[in-house]
$ cat run.pdb   # PDB, C-alpha atoms and all ligand atoms
MODEL        1
ATOM      1  CA  MET A   1     -83.953-108.109  32.606
ATOM      2  CA  GLY A   2     -84.621-104.528  31.608
ATOM      3  CA  GLU A   3     -87.876-103.645  29.940
ATOM      4  CA  ILE A   4     -87.651-103.249  26.187
ATOM      5  CA  ILE A   5     -89.181 -99.899  25.199
ATOM      6  CA  LYS A   6     -90.297 -99.390  21.661
ATOM      7  CA  LEU A   7     -89.429 -95.999  20.192
ATOM      8  CA  ASN A   8     -93.055 -95.213  19.270
ATOM      9  CA  GLU A   9     -94.113 -95.813  22.899
ATOM     10  CA  LEU A  10     -91.831 -93.025  24.180
ATOM     11  CA  GLY A  11     -93.297 -89.640  25.035
ATOM     12  CA  GLU A  12     -91.846 -86.314  23.897
ATOM     13  CA  ASP A  13     -90.030 -85.825  27.245
ATOM     14  CA  ASP A  14     -88.477 -89.284  27.068
ATOM     15  CA  LEU A  15     -87.233 -88.568  23.566
ATOM     16  CA  CYS A  16     -85.777 -85.194  24.629
ATOM     17  CA  ARG A  17     -83.999 -86.833  27.570
ATOM     18  CA  GLY A  18     -82.714 -89.577  25.249
ATOM     19  CA  ILE A  19     -81.456 -87.069  22.690
ATOM     20  CA  SER A  20     -79.811 -84.984  25.453
ATOM     21  CA  PHE A  21     -78.107 -88.083  26.793
ATOM     22  CA  TYR A  22     -77.003 -89.000  23.265
ATOM     23  CA  MET A  23     -75.608 -85.462  22.757
ATOM     24  CA  LEU A  24     -73.785 -85.585  26.100
ATOM     25  CA  ALA A  25     -72.314 -88.984  25.286
ATOM     26  CA  LYS A  26     -71.280 -87.738  21.825
ATOM     27  CA  ASP A  27     -69.705 -84.563  23.274
ATOM     28  CA  PHE A  28     -67.878 -86.685  25.802
ATOM     29  CA  ALA A  29     -66.596 -88.998  23.046
ATOM     30  CA  ASP A  30     -65.485 -85.945  20.981
ATOM     31  CA  ILE A  31     -63.660 -84.437  23.976
ATOM     32  CA  LYS A  32     -62.032 -87.809  24.686
ATOM     33  CA  GLN A  33     -60.902 -88.014  21.045
ATOM     34  CA  GLN A  34     -59.600 -84.417  21.112
ATOM     35  CA  ASN A  35     -57.697 -85.116  24.321
ATOM     36  CA  LYS A  36     -56.219 -88.234  22.742
ATOM     37  CA  SER A  37     -54.979 -86.236  19.745
ATOM     38  CA  ARG A  38     -53.880 -83.236  21.844
ATOM     39  CA  LEU A  39     -50.140 -82.858  22.123
ATOM     40  CA  SER A  40     -49.083 -82.667  25.765
ATOM     41  CA  GLY A  41     -46.660 -80.043  27.061
ATOM     42  CA  LYS A  42     -44.283 -82.882  27.944
ATOM     43  CA  GLU A  43     -44.288 -84.203  24.356
ATOM     44  CA  ILE A  44     -43.706 -80.692  22.962
ATOM     45  CA  LYS A  45     -40.833 -80.231  25.417
ATOM     46  CA  ILE A  46     -39.165 -83.491  24.333
ATOM     47  CA  ILE A  47     -39.268 -82.453  20.648
ATOM     48  CA  VAL A  48     -38.200 -78.818  21.258
ATOM     49  CA  GLN A  49     -35.278 -79.981  23.422
ATOM     50  CA  SER A  50     -34.232 -82.722  20.957
ATOM     51  CA  LEU A  51     -34.114 -80.160  18.149
ATOM     52  CA  ALA A  52     -32.290 -77.613  20.337
ATOM     53  CA  ALA A  53     -29.591 -80.158  21.183
ATOM     54  CA  GLY A  54     -29.362 -81.383  17.558
ATOM     55  CA  ARG A  55     -30.428 -84.935  18.478
ATOM     56  CA  ASP A  56     -31.393 -87.123  15.541
ATOM     57  CA  CYS A  57     -34.634 -88.450  17.001
ATOM     58  CA  ALA A  58     -37.106 -85.604  16.601
ATOM     59  CA  TRP A  59     -38.207 -86.143  12.985
ATOM     60  CA  GLU A  60     -39.888 -89.483  13.693
ATOM     61  CA  LYS A  61     -41.672 -87.915  16.685
ATOM     62  CA  ILE A  62     -42.860 -84.914  14.654
ATOM     63  CA  GLN A  63     -44.391 -87.174  11.995
ATOM     64  CA  ASN A  64     -46.140 -89.141  14.731
ATOM     65  CA  ILE A  65     -47.958 -86.073  16.086
ATOM     66  CA  ALA A  66     -51.697 -86.754  15.647
ATOM     67  CA  LEU A  67     -52.267 -83.619  13.506
ATOM     68  CA  PHE A  68     -49.436 -84.590  11.147
ATOM     69  CA  LYS A  69     -50.691 -88.167  10.915
ATOM     70  CA  SER A  70     -54.261 -87.118  10.136
ATOM     71  CA  LEU A  71     -52.970 -84.605   7.558
ATOM     72  CA  PHE A  72     -50.969 -87.343   5.803
ATOM     73  CA  ALA A  73     -53.991 -89.692   5.945
ATOM     74  CA  GLU A  74     -56.321 -87.036   4.483
ATOM     75  CA  ASN A  75     -53.887 -86.013   1.764
ATOM     76  CA  PRO A  76     -51.235 -88.655   0.934
ATOM     77  CA  ASP A  77     -49.847 -86.306  -1.765
ATOM     78  CA  ILE A  78     -48.386 -84.128   1.013
ATOM     79  CA  LYS A  79     -46.458 -87.120   2.385
ATOM     80  CA  THR A  80     -45.356 -88.055  -1.151
ATOM     81  CA  SER A  81     -44.073 -84.504  -1.704
ATOM     82  CA  LEU A  82     -42.182 -84.641   1.601
ATOM     83  CA  GLU A  83     -40.601 -87.937   0.507
ATOM     84  CA  LYS A  84     -39.494 -86.265  -2.744
ATOM     85  CA  ILE A  85     -37.830 -83.514  -0.707
ATOM     86  CA  LYS A  86     -36.161 -86.168   1.495
ATOM     87  CA  ASN A  87     -34.788 -88.012  -1.534
ATOM     88  CA  TYR A  88     -33.412 -84.772  -2.980
ATOM     89  CA  ASP A  89     -31.853 -83.090   0.044
ATOM     90  CA  GLU A  90     -31.843 -84.472   3.606
ATOM     91  CA  TYR A  91     -31.304 -81.055   5.213
ATOM     92  CA  THR A  92     -34.301 -79.473   3.439
ATOM     93  CA  TYR A  93     -36.426 -82.459   4.514
ATOM     94  CA  LYS A  94     -35.519 -82.121   8.200
ATOM     95  CA  HIS A  95     -35.818 -78.338   8.038
ATOM     96  CA  SER A  96     -39.310 -78.662   6.490
ATOM     97  CA  LEU A  97     -40.465 -80.948   9.320
ATOM     98  CA  ASN A  98     -38.972 -78.667  11.983
ATOM     99  CA  THR A  99     -40.517 -75.557  10.415
ATOM    100  CA  ALA A 100     -43.917 -77.283  10.232
ATOM    101  CA  PHE A 101     -43.598 -78.279  13.901
ATOM    102  CA  TYR A 102     -42.698 -74.769  15.104
ATOM    103  CA  ALA A 103     -45.377 -73.249  12.829
ATOM    104  CA  MET A 104     -47.938 -75.639  14.355
ATOM    105  CA  LEU A 105     -46.998 -74.451  17.865
ATOM    106  CA  ILE A 106     -47.316 -70.785  16.849
ATOM    107  CA  ALA A 107     -50.686 -71.452  15.182
ATOM    108  CA  LYS A 108     -51.928 -73.157  18.342
ATOM    109  CA  TRP A 109     -50.688 -70.301  20.548
ATOM    110  CA  LEU A 110     -52.562 -67.897  18.254
ATOM    111  CA  ARG A 111     -55.650 -70.091  18.773
ATOM    112  CA  PHE A 112     -56.261 -70.930  15.139
ATOM    113  CA  PRO A 113     -58.954 -73.588  14.608
ATOM    114  CA  GLU A 114     -57.699 -77.093  13.826
ATOM    115  CA  LYS A 115     -58.446 -76.852  10.094
ATOM    116  CA  GLN A 116     -56.187 -73.808   9.799
ATOM    117  CA  VAL A 117     -53.506 -75.334  12.035
ATOM    118  CA  LYS A 118     -53.350 -78.212   9.539
ATOM    119  CA  GLU A 119     -53.061 -75.766   6.643
ATOM    120  CA  ILE A 120     -50.197 -73.998   8.434
ATOM    121  CA  ILE A 121     -48.492 -77.375   8.998
ATOM    122  CA  THR A 122     -48.915 -78.047   5.264
ATOM    123  CA  ALA A 123     -47.332 -74.675   4.449
ATOM    124  CA  GLY A 124     -44.416 -75.528   6.774
ATOM    125  CA  LEU A 125     -43.894 -78.944   5.203
ATOM    126  CA  LEU A 126     -43.928 -77.566   1.660
ATOM    127  CA  HIS A 127     -42.507 -74.052   2.091
ATOM    128  CA  ASP A 128     -39.152 -74.990   0.527
ATOM    129  CA  ILE A 129     -40.413 -77.533  -2.024
ATOM    130  CA  GLY A 130     -39.160 -75.170  -4.754
ATOM    131  CA  LYS A 131     -35.607 -76.133  -3.735
ATOM    132  CA  LEU A 132     -36.207 -79.340  -5.712
ATOM    133  CA  LYS A 133     -35.473 -77.122  -8.733
ATOM    134  CA  ILE A 134     -32.236 -75.654  -7.343
ATOM    135  CA  PRO A 135     -28.996 -77.529  -8.194
ATOM    136  CA  LEU A 136     -27.612 -79.335  -5.129
ATOM    137  CA  ASP A 137     -24.125 -77.903  -5.618
ATOM    138  CA  VAL A 138     -25.641 -74.422  -5.195
ATOM    139  CA  LEU A 139     -27.956 -75.427  -2.333
ATOM    140  CA  ASN A 140     -25.146 -77.023  -0.309
ATOM    141  CA  LYS A 141     -22.195 -74.910  -1.374
ATOM    142  CA  LYS A 142     -19.627 -74.576   1.418
ATOM    143  CA  GLU A 143     -18.035 -71.403   0.057
ATOM    144  CA  LYS A 144     -19.747 -68.025  -0.154
ATOM    145  CA  ILE A 145     -22.354 -68.080  -2.927
ATOM    146  CA  THR A 146     -22.206 -65.638  -5.832
ATOM    147  CA  ASP A 147     -24.921 -63.069  -6.557
ATOM    148  CA  TYR A 148     -26.029 -65.221  -9.488
ATOM    149  CA  GLU A 149     -26.365 -68.290  -7.230
ATOM    150  CA  TYR A 150     -28.269 -66.259  -4.625
ATOM    151  CA  GLY A 151     -30.644 -65.197  -7.406
ATOM    152  CA  LEU A 152     -31.172 -68.871  -8.262
ATOM    153  CA  ILE A 153     -31.890 -69.770  -4.623
ATOM    154  CA  LYS A 154     -34.364 -66.905  -4.265
ATOM    155  CA  ASN A 155     -36.364 -68.422  -7.115
ATOM    156  CA  HIS A 156     -37.314 -71.377  -4.881
ATOM    157  CA  THR A 157     -40.320 -69.371  -3.654
ATOM    158  CA  ILE A 158     -41.747 -69.017  -7.178
ATOM    159  CA  TYR A 159     -40.834 -72.592  -8.150
ATOM    160  CA  GLY A 160     -42.553 -73.838  -4.986
ATOM    161  CA  PHE A 161     -45.669 -71.774  -5.674
ATOM    162  CA  ASN A 162     -45.923 -73.375  -9.111
ATOM    163  CA  LEU A 163     -45.012 -76.894  -7.961
ATOM    164  CA  ILE A 164     -47.733 -77.142  -5.330
ATOM    165  CA  ARG A 165     -50.332 -76.274  -7.946
ATOM    166  CA  GLU A 166     -49.955 -79.940  -8.911
ATOM    167  CA  ILE A 167     -50.799 -81.174  -5.395
ATOM    168  CA  ARG A 168     -54.515 -81.661  -4.801
ATOM    169  CA  GLY A 169     -56.238 -80.088  -1.817
ATOM    170  CA  ILE A 170     -53.787 -77.199  -1.378
ATOM    171  CA  ASN A 171     -55.621 -73.900  -0.982
ATOM    172  CA  ASP A 172     -54.555 -70.377  -1.975
ATOM    173  CA  ALA A 173     -53.537 -69.381   1.575
ATOM    174  CA  VAL A 174     -50.991 -72.236   1.685
ATOM    175  CA  ARG A 175     -49.724 -71.436  -1.829
ATOM    176  CA  GLN A 176     -49.277 -67.789  -0.800
ATOM    177  CA  ALA A 177     -47.324 -68.860   2.277
ATOM    178  CA  VAL A 178     -44.969 -70.876   0.057
ATOM    179  CA  LEU A 179     -44.548 -67.881  -2.268
ATOM    180  CA  LEU A 180     -44.187 -65.187   0.426
ATOM    181  CA  HIS A 181     -42.358 -66.837   3.359
ATOM    182  CA  HIS A 182     -39.193 -64.775   2.656
ATOM    183  CA  GLU A 183     -41.009 -61.419   2.584
ATOM    184  CA  ARG A 184     -40.126 -59.147   5.513
ATOM    185  CA  ALA A 185     -42.017 -56.352   7.296
ATOM    186  CA  ASP A 186     -39.326 -53.762   6.388
ATOM    187  CA  ARG A 187     -39.721 -54.755   2.718
ATOM    188  CA  SER A 188     -36.246 -56.262   2.571
ATOM    189  CA  GLY A 189     -37.546 -59.699   1.613
ATOM    190  CA  TYR A 190     -38.141 -61.530  -1.654
ATOM    191  CA  PRO A 191     -39.450 -62.306  -4.266
ATOM    192  CA  PHE A 192     -41.492 -59.049  -4.383
ATOM    193  CA  ASN A 193     -40.312 -56.835  -1.444
ATOM    194  CA  SER A 194     -44.016 -56.909  -0.534
ATOM    195  CA  HIS A 195     -45.670 -54.533   1.915
ATOM    196  CA  PRO A 196     -46.606 -56.552   5.055
ATOM    197  CA  ALA A 197     -50.296 -55.798   4.455
ATOM    198  CA  ASN A 198     -50.005 -57.914   1.298
ATOM    199  CA  VAL A 199     -48.439 -60.911   3.049
ATOM    200  CA  ASN A 200     -50.822 -63.431   4.592
ATOM    201  CA  VAL A 201     -50.553 -64.579   8.200
ATOM    202  CA  TYR A 202     -49.544 -68.120   7.198
ATOM    203  CA  ALA A 203     -46.447 -66.723   5.430
ATOM    204  CA  LYS A 204     -45.623 -64.579   8.482
ATOM    205  CA  ILE A 205     -45.846 -67.616  10.793
ATOM    206  CA  ILE A 206     -43.684 -69.717   8.456
ATOM    207  CA  ALA A 207     -41.135 -66.853   8.309
ATOM    208  CA  VAL A 208     -40.558 -66.968  12.099
ATOM    209  CA  ALA A 209     -40.551 -70.793  12.271
ATOM    210  CA  ASP A 210     -38.217 -71.014   9.241
ATOM    211  CA  VAL A 211     -35.649 -68.512  10.550
ATOM    212  CA  TYR A 212     -35.674 -69.970  14.079
ATOM    213  CA  ASP A 213     -34.928 -73.450  12.727
ATOM    214  CA  ALA A 214     -32.349 -72.210  10.205
ATOM    215  CA  MET A 215     -30.446 -70.310  12.938
ATOM    216  CA  CYS A 216     -30.486 -73.321  15.271
ATOM    217  CA  SER A 217     -29.359 -75.893  12.658
ATOM    218  CA  ASP A 218     -25.925 -76.876  11.390
ATOM    219  CA  ARG A 219     -25.329 -76.291   7.686
ATOM    220  CA  VAL A 220     -22.382 -77.228   5.510
ATOM    221  CA  TYR A 221     -21.364 -73.559   5.541
ATOM    222  CA  LYS A 222     -22.152 -72.575   9.174
ATOM    223  CA  LYS A 223     -22.450 -73.939  12.712
ATOM    224  CA  ARG A 224     -25.768 -73.642  14.491
ATOM    225  CA  LYS A 225     -26.420 -70.930  17.060
ATOM    226  CA  SER A 226     -28.125 -71.549  20.395
ATOM    227  CA  PRO A 227     -31.897 -70.941  20.562
ATOM    228  CA  PHE A 228     -31.102 -68.087  22.974
ATOM    229  CA  ALA A 229     -29.094 -66.269  20.312
ATOM    230  CA  ALA A 230     -32.146 -66.701  18.059
ATOM    231  CA  PHE A 231     -34.473 -65.308  20.756
ATOM    232  CA  GLY A 232     -32.124 -62.313  21.076
ATOM    233  CA  MET A 233     -32.249 -61.719  17.317
ATOM    234  CA  PHE A 234     -36.076 -61.941  17.230
ATOM    235  CA  LYS A 235     -36.363 -59.631  20.252
ATOM    236  CA  ASN A 236     -34.020 -56.957  18.851
ATOM    237  CA  GLU A 237     -33.479 -56.591  15.094
ATOM    238  CA  GLY A 238     -36.271 -59.127  14.455
ATOM    239  CA  ARG A 239     -38.863 -56.591  15.608
ATOM    240  CA  GLU A 240     -38.311 -54.643  12.399
ATOM    241  CA  ILE A 241     -38.690 -57.599  10.065
ATOM    242  CA  PHE A 242     -41.176 -60.029  11.604
ATOM    243  CA  ASP A 243     -44.794 -59.604  12.657
ATOM    244  CA  ALA A 244     -45.150 -58.457  16.291
ATOM    245  CA  LYS A 245     -48.353 -60.497  16.802
ATOM    246  CA  ILE A 246     -46.386 -63.648  15.986
ATOM    247  CA  LEU A 247     -43.201 -62.742  17.863
ATOM    248  CA  LYS A 248     -45.127 -62.085  21.083
ATOM    249  CA  PRO A 249     -46.378 -65.639  21.749
ATOM    250  CA  PHE A 250     -43.224 -67.102  20.211
ATOM    251  CA  LEU A 251     -40.903 -65.237  22.599
ATOM    252  CA  SER A 252     -43.107 -65.725  25.647
ATOM    253  CA  ARG A 253     -43.747 -69.462  25.166
ATOM    254  CA  MET A 254     -40.929 -71.122  23.242
ATOM    255  CA  PRO A 255     -38.087 -70.370  25.734
ATOM    256  CA  LYS A 256     -39.963 -72.088  28.596
ATOM    257  CA  TYR A 257     -39.597 -75.464  26.873
ATOM    258  CA  LEU A 258     -35.814 -75.225  27.264
ATOM    259  CA  VAL A 259     -35.845 -74.982  31.063
ATOM    260  CA  GLY A 260     -34.083 -78.026  32.548
ATOM    261  CA  MET A 261     -31.668 -78.548  29.637
ATOM    262  CA  ASP A 262     -27.950 -78.920  30.277
ATOM    263  CA  VAL A 263     -25.757 -76.286  28.651
ATOM    264  CA  LEU A 264     -22.076 -75.650  28.020
ATOM    265  CA  LEU A 265     -21.127 -72.120  29.069
ATOM    266  CA  SER A 266     -18.437 -69.975  27.454
ATOM    267  CA  ASP A 267     -16.218 -70.364  30.570
ATOM    268  CA  GLY A 268     -16.220 -74.142  30.043
ATOM    269  CA  ILE A 269     -18.615 -74.923  32.917
ATOM    270  CA  ILE A 270     -21.616 -77.176  32.387
ATOM    271  CA  GLY A 271     -24.864 -76.103  34.019
ATOM    272  CA  THR A 272     -28.617 -76.501  33.767
ATOM    273  CA  ILE A 273     -31.094 -73.887  32.571
ATOM    274  CA  TYR A 274     -32.845 -72.867  35.767
ATOM    275  CA  GLU A 275     -35.143 -70.024  34.779
ATOM    276  CA  ILE A 276     -35.877 -67.749  31.835
ATOM    277  CA  LEU A 277     -37.253 -64.335  32.751
ATOM    278  CA  PRO A 278     -40.068 -63.100  30.460
ATOM    279  CA  ASP A 279     -38.211 -59.911  29.447
ATOM    280  CA  LEU A 280     -34.876 -61.666  28.910
ATOM    281  CA  PRO A 281     -35.509 -64.774  26.786
ATOM    282  CA  GLU A 282     -31.974 -64.475  25.365
ATOM    283  CA  TYR A 283     -30.218 -64.607  28.754
ATOM    284  CA  PRO A 284     -31.387 -67.558  30.888
ATOM    285  CA  LEU A 285     -30.317 -68.149  34.470
ATOM    286  CA  VAL A 286     -28.099 -71.235  34.637
ATOM    287  CA  LYS A 287     -27.547 -73.377  37.716
ATOM    288  CA  THR A 288     -23.924 -74.535  38.000
ATOM    289  CA  PRO A 289     -21.988 -76.398  40.728
ATOM    290  CA  TYR A 290     -20.677 -72.940  41.727
ATOM    291  CA  GLY A 291     -24.040 -71.231  42.033
ATOM    292  CA  LEU A 292     -26.569 -69.484  39.817
ATOM    293  CA  VAL A 293     -25.130 -67.698  36.766
ATOM    294  CA  ALA A 294     -26.960 -64.901  34.955
ATOM    295  CA  THR A 295     -25.817 -65.374  31.349
ATOM    296  CA  GLY A 296     -25.119 -62.267  29.291
ATOM    297  CA  SER A 297     -22.341 -60.794  27.206
ATOM    298  CA  GLU A 298     -19.604 -62.012  29.615
ATOM    299  CA  VAL A 299     -20.679 -65.603  30.174
ATOM    300  CA  PHE A 300     -22.925 -67.009  27.480
ATOM    301  CA  ILE A 301     -24.268 -70.336  26.313
ATOM    302  CA  ILE A 302     -22.089 -72.087  23.725
ATOM    303  CA  ARG A 303     -24.498 -74.970  23.127
ATOM    304  CA  LEU A 304     -27.254 -77.066  24.608
ATOM    305  CA  ILE A 305     -26.446 -80.643  25.522
TER     306      ILE A 305
HETATM  307 FE    FE B   1     -37.370 -70.776   1.912
ENDMDL
END

$ encode --input "run.pdb" --output "structure tokens"
Amino acid sequence: MGEIIKLNELGEDDLCRGISFYMLAKDFADIKQQNKSRLSGKEIKIIVQSLAAGRDCAWEKIQNIALFKSLFAENPDIKTSLEKIKNYDEYTYKHSLNTAFYAMLIAKWLRFPEKQVKEIITAGLLHDIGKLKIPLDVLNKKEKITDYEYGLIKNHTIYGFNLIREIRGINDAVRQAVLLHHERADRSGYPFNSHPANVNVYAKIIAVADVYDAMCSDRVYKKRKSPFAAFGMFKNEGREIFDAKILKPFLSRMPKYLVGMDVLLSDGIIGTIYEILPDLPEYPLVKTPYGLVATGSEVFIIRLI
């Protein structure tokens, strides 16, 4: 049997050793907890690839990410708002989850602390909540929309800014991201054509995540493009309209998650993404039964499988 030591019988050194041990044990427990809630590269890859191939299984997985779950537990109003979006328009719901997921990855690559990563996830989940105020026949119109209808759609930023005032625990940075996620660095955006210095970093992250998902998703009025077409857009014309500090980690890290996916090439051959060179994220090398193909303007990827 071990000797029972009363606290008041311990010397100063014993107490220091005890406290140090307690701190070590606590640190260890914290690290263990962090590791448990940390998203592995494999899990990220599964979600990125599911979304890239348009598989209907990613949204459950995104909501099960530890950061999303703890956000919903801390603020059930965010989950309730997401449910409202789901009941109104299924596409906006899925797009909101995808945008929040991509925004979370960007925030992590930019090494934001966890509290801010959660705020950026919140901004992603709610960035289009203002679409609740836009008539569905305008939101999902198959034909080309009129200037008047485009004006209505643009108002979703202001409607969203006002709507999330009613949700508790939403700070100004998140509200600004909802209001300013369509502003662009060349001042071509809306609602204010703001100078980039007046647009917060959350809005700039949501802008990249939002456009990437919109380009890679089917809509009633357009077919989705491949992620590589999106990388090409961000690398070229995107440099003028998105923030370079956000594009850099996005273009260097996102393409790597697509390595190993099967693709249909424009010449009808099916291959597997073999490698993506850092300077050419839009043109991956594809392994086919006939050898390695460098995709480009002649042979390009039609879709991921
Ligand atoms: Fe939007």

$ closest_residue --input "run.pdb" --among "A:Val286, A:Ala58, A:Ile276, A:Leu139" --to "ligand FE 1 (chain B)" --atoms "only C-alpha atoms and all ligand atoms"
A:Leu139

$ resolve_selection --input "run.pdb" --expression "the PyMOL selection byres (((chain A and resi 79) around 12) and not hetatm)" --output "VMD selection string"
chain A and resid 63 68 to 78 80 to 86 93 96 to 97 121 to 122 125 to 126 167

$ closest_atom_pairs --input "run.pdb" --of "chain A" --to "ligand FE 1 (chain B)" --cutoff "7 Å" --atoms "only C-alpha atoms and all ligand atoms" --output "Markdown table"
| residue | atom | partner | partner_atom | distance |
| --- | --- | --- | --- | --- |
| A:His127 | CA | B:FE1 | FE | 6.1 |
| A:Asp128 | CA | B:FE1 | FE | 4.8 |
| A:His156 | CA | B:FE1 | FE | 6.8 |
| A:Thr157 | CA | B:FE1 | FE | 6.5 |
| A:His181 | CA | B:FE1 | FE | 6.5 |
| A:His182 | CA | B:FE1 | FE | 6.3 |

$ closest_residue --input "run.pdb" --among "A:Glu60, A:Asp218, A:Glu183, A:Glu240" --to "Tyr91 (chain A)" --atoms "only C-alpha atoms"
A:Asp218

$ closest_residue --input "run.pdb" --among "A:Ala214, A:Val220, A:Ala100, A:Leu264" --to "Lys141 (chain A)" --atoms "all atoms listed in the file"
A:Val220

$ closest_residue --input "run.pdb" --among "A:Tyr88, A:Tyr102, A:Phe192, A:Tyr290" --to "Lys154 (chain A)" --atoms "all atoms listed in the file"
A:Phe192

$ resolve_selection --input "run.pdb" --expression "the PyMOL selection byres (((chain A and resi 252) around 12) and not hetatm)" --output "list of chain:residue names"
A:Ile106, A:Trp109, A:Phe231, A:Phe234, A:Lys235, A:Lys245, A:Ile246, A:Leu247, A:Lys248, A:Pro249, A:Phe250, A:Leu251, A:Arg253, A:Met254, A:Pro255, A:Lys256, A:Tyr257, A:Ile276, A:Leu277, A:Pro278, A:Asp279, A:Leu280, A:Pro281, A:Glu282

$ atom_distance --input "run.pdb" --atom1 "CA of Gly124 (chain A)" --atom2 "CA of Asp147 (chain A)"
26.7 Å

$ atom_distance --input "run.pdb" --atom1 "CA of Val178 (chain A)" --atom2 "CA of Ile65 (chain A)"
22.3 Å

$ closest_residue --input "run.pdb" --among "A:Pro284, A:Asn98, A:Asp89, A:Arg165" --to "Ile47 (chain A)" --atoms "all atoms listed in the file"
A:Asn98

$ decode --input "run.pdb" --residues "region 116-136 of chain A" --atoms "N, CA and C atoms" --output "CSV table (one decimal), in the first residue's frame"
chain,number,residue,atom,x,y,z
A,116,GLN,N,-10.8,32.2,-34.3
A,116,GLN,CA,-11.1,32.9,-35.6
A,116,GLN,C,-11.5,31.9,-36.7
A,117,VAL,N,-10.9,30.7,-36.6
A,117,VAL,CA,-11.3,29.7,-37.6
A,117,VAL,C,-12.8,29.4,-37.5
A,118,LYS,N,-13.3,29.3,-36.3
A,118,LYS,CA,-14.7,29.1,-36.1
A,118,LYS,C,-15.6,30.3,-36.6
A,119,GLU,N,-15.0,31.5,-36.4
A,119,GLU,CA,-15.8,32.6,-36.9
A,119,GLU,C,-15.8,32.6,-38.4
A,120,ILE,N,-14.7,32.2,-39.0
A,120,ILE,CA,-14.7,32.1,-40.5
A,120,ILE,C,-15.7,31.0,-41.0
A,121,ILE,N,-15.7,29.9,-40.2
A,121,ILE,CA,-16.7,28.9,-40.6
A,121,ILE,C,-18.1,29.4,-40.5
A,122,THR,N,-18.4,30.2,-39.4
A,122,THR,CA,-19.7,30.8,-39.3
A,122,THR,C,-20.0,31.7,-40.4
A,123,ALA,N,-19.0,32.5,-40.9
A,123,ALA,CA,-19.2,33.4,-42.0
A,123,ALA,C,-19.5,32.6,-43.3
A,124,GLY,N,-18.9,31.5,-43.4
A,124,GLY,CA,-19.1,30.6,-44.6
A,124,GLY,C,-20.5,30.0,-44.6
A,125,LEU,N,-20.9,29.6,-43.4
A,125,LEU,CA,-22.3,29.0,-43.3
A,125,LEU,C,-23.4,30.0,-43.5
A,126,LEU,N,-23.1,31.2,-43.1
A,126,LEU,CA,-24.2,32.2,-43.2
A,126,LEU,C,-24.0,33.3,-44.3
A,127,HIS,N,-23.0,33.1,-45.2
A,127,HIS,CA,-22.7,34.2,-46.1
A,127,HIS,C,-23.8,34.5,-47.1
A,128,ASP,N,-24.6,33.5,-47.4
A,128,ASP,CA,-25.7,33.7,-48.3
A,128,ASP,C,-27.1,33.6,-47.7
A,129,ILE,N,-27.1,33.8,-46.3
A,129,ILE,CA,-28.4,33.7,-45.6
A,129,ILE,C,-29.4,34.8,-46.2
A,130,GLY,N,-28.9,35.9,-46.7
A,130,GLY,CA,-29.8,36.9,-47.3
A,130,GLY,C,-30.6,36.4,-48.5
A,131,LYS,N,-30.2,35.2,-49.1
A,131,LYS,CA,-31.0,34.7,-50.2
A,131,LYS,C,-32.4,34.2,-49.7
A,132,LEU,N,-32.5,34.0,-48.4
A,132,LEU,CA,-33.9,33.7,-47.9
A,132,LEU,C,-34.9,34.8,-48.3
A,133,LYS,N,-34.4,36.0,-48.6
A,133,LYS,CA,-35.3,37.1,-49.0
A,133,LYS,C,-35.5,37.2,-50.5
A,134,ILE,N,-34.8,36.4,-51.2
A,134,ILE,CA,-34.9,36.5,-52.7
A,134,ILE,C,-35.9,35.4,-53.2
A,135,PRO,N,-36.8,35.8,-54.1
A,135,PRO,CA,-37.8,34.8,-54.6
A,135,PRO,C,-37.1,33.7,-55.3
A,136,LEU,N,-37.6,32.5,-55.0
A,136,LEU,CA,-37.0,31.2,-55.5
A,136,LEU,C,-37.0,31.2,-57.1
